[in-house]
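Student: Dumping the structure here so I can ask a few things about it.
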Amino acid sequence: MRKLLIFLLPLLLYTSCNRQQPRHIIGVSQCSADIWREKQNAEMRMETYLQEDIELRFAAAHDSDERQVQQIDSLVKTGIDLLIVAPNQVQTITPAIDKAYDSGIPVIVFERKTSSKKYTAFISADNYEMGRTMGEYIAKQMSGKGRVMEIMGLKGSSPAIERHKGFADALSHYPDIQLAATLQGDWTEESAVKATEQWLSQQSSLQPIDFVFAQNDRMAIGARRAAANSPLFTQQFSHTKYCGIDGLPGKDGGIQQVLDSVLDATYIYPTHGDQVLDLAVAILDGKPYDKEVMLKSALVTRDNASALLMQSEETMRQTEWLDQLHAKADSYLHELDTQRLLTLALTVIIVMVIVSAAFVVISMRRRHNLERQAFSLVTSPATTQAEIITPPAAKTEAATPATTNTETTSQDTTNNEEPTDAEAETGNQSDDSLPAQPSSTTGNKPEITDVTPEEQADIEAEADADSHFLERLRSHVQEEMSDTDFSVETLAAQMGMSRVQLYRKVKLLTGRTPVDIIRLSRLNRSKVLLAQEGTTISEVAYSIGFSSPSYFTKCFKDEFGILPGDIKKE
């Protein structure tokens with residue numbers, strides 16, 4: 001039984017904990033947390049619905065170089081299969097990416113470059129082309145002359161560097177356009193507000209700004225807000241137009257801002273988290289892939305903003321619907337897994353209960369059989385089969401065996417009382433007057449010749465009654481033997497007989513006295529109990545009705561010739 005439990009319990013524990021392991025684990029290190037990156041993360045998660053067994057682990061550095069380095073190291077230590085990373089700055093994050101790459105982990109650098117070539121693939125839109133296109137658009141809107149202001153993204157980041165270079169190259173073809181200022185932001189709206197206000201506070205002239213190009217939509221909104229609060233607004237910004245990059249859909253996205261005339265134009269900077277994840281899976285599955293992947297993007301103006309917004313909103317609606325559908329499917333699958341686990345657990349418990357019950361039943365049957373065998377040995381008559389069918393006179397002599405087992409030594413006064421001399425004499429006299437009784441322990445009814453069928457039926461009925469009597473006797477002795485107060489008087493009362501009647505009947509059928517039956521039954525049961533693991537001699541002695549272990553040991557030695565401890569050793 002113990003071995004079965006040792007087998008079943010780990011099986012249940014293994015089944016409950018052994019959920020399906022993902023085929024690939026991909027770490028995603030985002031340099032910041034904003035609406036653009038949230039959209040990209042959502043697209044990656046959505047793409048996992050189409051891929052098989054992909055686990056994504058996200059980390060956002062919130063524009064902190066130190067935090068992103070720590071997060072990259074942490075993702076690598078968790079055992080990812082591939083790293084997707086958008087570096088916060090080129091120089092500071094490169095060593096952490098190189099370390100991951102050198103450890104054998106494929107690396108996809110997306111949206112922002114590093115100063116190293118230690119990466120597996122690079123995927124992004126063309127930031128230089130975005131800056132150049134916005135410069136061309138602004139120049140045409142200004143008819144090739146006027147004043148512009150640029151607000152750059154995070155210093156040292158590759159998109160900021162490349163967008164500025166593209167913008168400057170475009171304006172270089174228009175000598176009548178003056179780049180009045182290049183301010184430094186960090187991609188946030190507040191950074192643009194602060195940079196614009198600081199620049200305005202330093203201006204002594206009142207020359208107007210025709211266009212503000214911010215390297216993302218949030219900074220363009222920030223610059224517009226700062227200008228609106230400036231005392232110089234009427235002179236410098238009353239006719240200023242603002243352009244940005246990102247072109248996100250949604251209520252506060254750049255496309256809606258163009259429709260609302262808050263921005264004059266924006267440029268869609270595609271997130272395409274689905275393509276990023278597809279590239280990652282292709283690398284992990286050993287499929288062909290391009291080392292350099294450029295994503296398509298587009299300029300958004302009032303002419304196409306409405307159509308683009310409608311298309312984007314429909315895509316977002318479908319995405320949200322699919323996400324909800326997948327969430328429901330996940331919920332159903334989770335419930336199914338729970339039901340399966342509960343079913344398995346219940347099955348294991350039922351099996352364990354059945355096996356335990358079977359084990360208990362088998363043990364009880366074995367113990368019951370051993371006790372019956374032991375009692376049969378106790379109640380075996382001293383006479384032989386041939387002697388049973390002898391005449392009554394001979395039976396009387398045979399029913400008085402000279403066995404030493406009938407004489408108990410130093411028995412407990414309450415448990416092992418011998419009948420008085422008068423009772424013994426009465427019992428012996430009664431034995432002489434009774435006809436020979438068949439023994440129930442011989443296993444066969446005696447065949448008596450020269451008797452009529454009626455006499456034979458009476459003999460068999462008497463034998464059955466004797467067998468029933470001995471079975472009742474055994475049952476009472478086995479049930480009560482653990483009681484130290486159990487005596488011959490108690491047994492006689494339970495059998496519905498007087499002490500003398502019980503003595504005569506038991507002596508006639510077994511050749512032993514009731515005291516012998518009780519004592520030997522206890523000693524034979526002790527042999528069964530001593531053979532079990534985990535029992536002590538004292539526990540066995542008390543459990544079978546002996547008042548002390550020392551007296552039990554003495555009786556055991558007198559009866560079997562060995563000590564109880566010898567049984568334990570065997």
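Chain labels A, B, ... are given in the sequence in which chains occur in the structure tokens; within each chain residues are numbered consecutively from 1, and ligands are likewise numbered from 1 in the order shown.
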Using only C-alpha atoms, which protein or nucleic acid residues come within 8 Å of Pro208 in chain A? Drop anything in the same chain fewer than 6 positions from it, and give the result as a PyMOL selection string.

Tutor: chain A and resi 147+235-237+240

Student: Save out the residues we just selected, all heavy atoms, as a short mmCIF file (atom, residue, chain, number, x, y, z; two decimals), in the first residue's frame.

Tutor:
```
data_model
loop_
_atom_site.label_atom_id
_atom_site.label_comp_id
_atom_site.auth_asym_id
_atom_site.auth_seq_id
_atom_site.Cartn_x
_atom_site.Cartn_y
_atom_site.Cartn_z
N ARG A 147 10.22 80.02 -42.02
CA ARG A 147 10.99 79.62 -40.84
C ARG A 147 10.35 78.36 -40.22
O ARG A 147 9.14 78.28 -40.05
CB ARG A 147 11.00 80.75 -39.80
CG ARG A 147 11.90 81.92 -40.18
CD ARG A 147 11.60 83.13 -39.32
NE ARG A 147 11.60 82.85 -37.89
CZ ARG A 147 12.69 82.86 -37.11
NH1 ARG A 147 13.88 83.11 -37.64
NH2 ARG A 147 12.59 82.61 -35.81
N GLN A 235 2.19 87.03 -32.10
CA GLN A 235 3.22 87.48 -33.02
C GLN A 235 3.92 86.32 -33.73
O GLN A 235 4.29 86.44 -34.90
CB GLN A 235 4.26 88.33 -32.29
CG GLN A 235 3.75 89.64 -31.75
CD GLN A 235 3.13 89.50 -30.36
OE1 GLN A 235 2.88 88.38 -29.92
NE2 GLN A 235 2.90 90.63 -29.71
N GLN A 236 4.13 85.20 -33.02
CA GLN A 236 4.99 84.16 -33.58
C GLN A 236 4.24 82.90 -34.01
O GLN A 236 4.67 82.21 -34.93
CB GLN A 236 6.07 83.76 -32.56
CG GLN A 236 7.16 84.83 -32.42
CD GLN A 236 8.32 84.28 -31.61
OE1 GLN A 236 8.16 83.90 -30.47
NE2 GLN A 236 9.47 84.24 -32.22
N PHE A 237 3.15 82.52 -33.32
CA PHE A 237 2.57 81.20 -33.54
C PHE A 237 1.10 81.21 -33.98
O PHE A 237 0.49 80.15 -34.07
CB PHE A 237 2.69 80.37 -32.25
CG PHE A 237 4.12 80.10 -31.85
CD1 PHE A 237 4.73 80.82 -30.83
CD2 PHE A 237 4.84 79.11 -32.51
CE1 PHE A 237 6.03 80.55 -30.46
CE2 PHE A 237 6.14 78.85 -32.14
CZ PHE A 237 6.76 79.58 -31.11
N THR A 240 1.10 79.22 -37.11
CA THR A 240 2.04 78.08 -37.15
C THR A 240 1.29 76.78 -37.37
O THR A 240 0.22 76.54 -36.79
CB THR A 240 2.86 78.01 -35.85
OG1 THR A 240 3.53 79.25 -35.65
CG2 THR A 240 3.85 76.87 -35.90
#
```

Student: Would you kindly return, as a PDB file with N, CA, C and O atoms, in the first residue's frame, each protein, DNA or RNA residue with an atom no farther than 8 Å from any atom of Met149 in chain A, considering only C-alpha atoms and excluding same-chain residues fewer than 3 positions away?

Tutor:
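Now in out38.pdb:
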```pdb
ATOM      1  N   LEU A 179      15.995  77.018 -40.793  1.00  0.00           N
ATOM      2  CA  LEU A 179      15.762  76.169 -39.612  1.00  0.00           C
ATOM      3  C   LEU A 179      16.066  77.024 -38.395  1.00  0.00           C
ATOM      4  O   LEU A 179      17.209  77.154 -37.966  1.00  0.00           O
ATOM      5  N   ALA A 180      15.037  77.641 -37.826  1.00  0.00           N
ATOM      6  CA  ALA A 180      15.210  78.625 -36.755  1.00  0.00           C
ATOM      7  C   ALA A 180      15.737  77.999 -35.477  1.00  0.00           C
ATOM      8  O   ALA A 180      16.501  78.642 -34.729  1.00  0.00           O
ATOM      9  N   ALA A 181      15.359  76.756 -35.181  1.00  0.00           N
ATOM     10  CA  ALA A 181      15.808  76.126 -33.933  1.00  0.00           C
ATOM     11  C   ALA A 181      15.636  74.618 -34.033  1.00  0.00           C
ATOM     12  O   ALA A 181      14.712  74.114 -34.691  1.00  0.00           O
ATOM     13  N   THR A 182      16.550  73.920 -33.410  1.00  0.00           N
ATOM     14  CA  THR A 182      16.445  72.464 -33.232  1.00  0.00           C
ATOM     15  C   THR A 182      16.478  72.197 -31.731  1.00  0.00           C
ATOM     16  O   THR A 182      17.536  72.336 -31.094  1.00  0.00           O
ATOM     17  N   LEU A 183      15.338  71.857 -31.177  1.00  0.00           N
ATOM     18  CA  LEU A 183      15.212  71.660 -29.733  1.00  0.00           C
ATOM     19  C   LEU A 183      15.333  70.171 -29.393  1.00  0.00           C
ATOM     20  O   LEU A 183      15.044  69.290 -30.210  1.00  0.00           O
ATOM     21  N   ILE A 209       7.125  81.624 -36.576  1.00  0.00           N
ATOM     22  CA  ILE A 209       7.512  80.270 -36.968  1.00  0.00           C
ATOM     23  C   ILE A 209       6.379  79.724 -37.834  1.00  0.00           C
ATOM     24  O   ILE A 209       5.226  79.663 -37.412  1.00  0.00           O
ATOM     25  N   PHE A 211       6.323  76.578 -39.478  1.00  0.00           N
ATOM     26  CA  PHE A 211       6.082  75.148 -39.260  1.00  0.00           C
ATOM     27  C   PHE A 211       6.924  74.655 -38.089  1.00  0.00           C
ATOM     28  O   PHE A 211       8.089  75.080 -37.921  1.00  0.00           O
ATOM     29  N   VAL A 212       6.324  73.760 -37.283  1.00  0.00           N
ATOM     30  CA  VAL A 212       7.070  73.040 -36.243  1.00  0.00           C
ATOM     31  C   VAL A 212       7.040  71.563 -36.623  1.00  0.00           C
ATOM     32  O   VAL A 212       5.968  70.962 -36.780  1.00  0.00           O
ATOM     33  N   PHE A 213       8.237  71.024 -36.810  1.00  0.00           N
ATOM     34  CA  PHE A 213       8.335  69.581 -37.075  1.00  0.00           C
ATOM     35  C   PHE A 213       8.848  68.898 -35.808  1.00  0.00           C
ATOM     36  O   PHE A 213       9.985  69.120 -35.387  1.00  0.00           O
TER      37      PHE A 213
END
```

Student: Would you please extract all helix (DSSP H, G or I) residues from range 96-209 of chain A, as assigned by DSSP on the backbone, and give them as a ChimeraX atom specification?

Tutor: /A:96-102,127-141,158-171,189-201

Student: What is the distance, in Å and to one decimal place, between CA of Leu502 in chain A and CA of Arg522 in chain A?

Tutor: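 Taking CA of Leu502 in chain A as the start and CA of Arg522 in chain A as the end point, the length is 18.8 Å.
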
Student: Calculated over only C-alpha atoms, which of the candidates A:Thr490, A:Ser191, A:Thr94, A:Thr301 has the smallest distance to Lys117 in chain A?

Tutor: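 So, comparing all the options, the nearest one is A:Thr94.
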
Student: Could you give me, as number ranges by chain, the residues within 12 Å of Asp285 in chain A, counting only C-alpha atoms and dropping anything in the same chain fewer than 5 positions from it?

Tutor: A: 23-24, 51-52, 54, 81-82, 106, 278-280

Student: Hey, can you spit out that residue selection with C-alpha atoms as an mmCIF file, in the first residue's frame?

Tutor:
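Output contents, as saved in out28.cif:
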```
data_model
loop_
_atom_site.group_PDB
_atom_site.id
_atom_site.type_symbol
_atom_site.label_atom_id
_atom_site.label_comp_id
_atom_site.auth_asym_id
_atom_site.auth_seq_id
_atom_site.Cartn_x
_atom_site.Cartn_y
_atom_site.Cartn_z
ATOM 1 C CA ARG A 23 7.615 25.696 -27.890
ATOM 2 C CA HIS A 24 9.482 29.032 -27.840
ATOM 3 C CA GLN A 51 1.523 30.658 -33.820
ATOM 4 C CA GLU A 52 1.800 27.465 -31.802
ATOM 5 C CA ILE A 54 4.744 30.855 -28.051
ATOM 6 C CA ASP A 81 15.014 31.436 -26.699
ATOM 7 C CA LEU A 82 15.173 34.801 -28.520
ATOM 8 C CA PRO A 106 19.260 35.158 -31.348
ATOM 9 C CA ASP A 278 6.761 36.277 -37.493
ATOM 10 C CA LEU A 279 10.425 37.102 -38.031
ATOM 11 C CA ALA A 280 11.283 35.773 -34.568
#
```

Student: So which residues touch Val69 in chain A within 10 Å, counting only C-alpha atoms, skipping near sequence neighbours fewer than 4 positions away, as a VMD selection string?

Tutor: chain A and resid 29 31 61 64 to 65 73 to 74 87 to 88 92 to 97
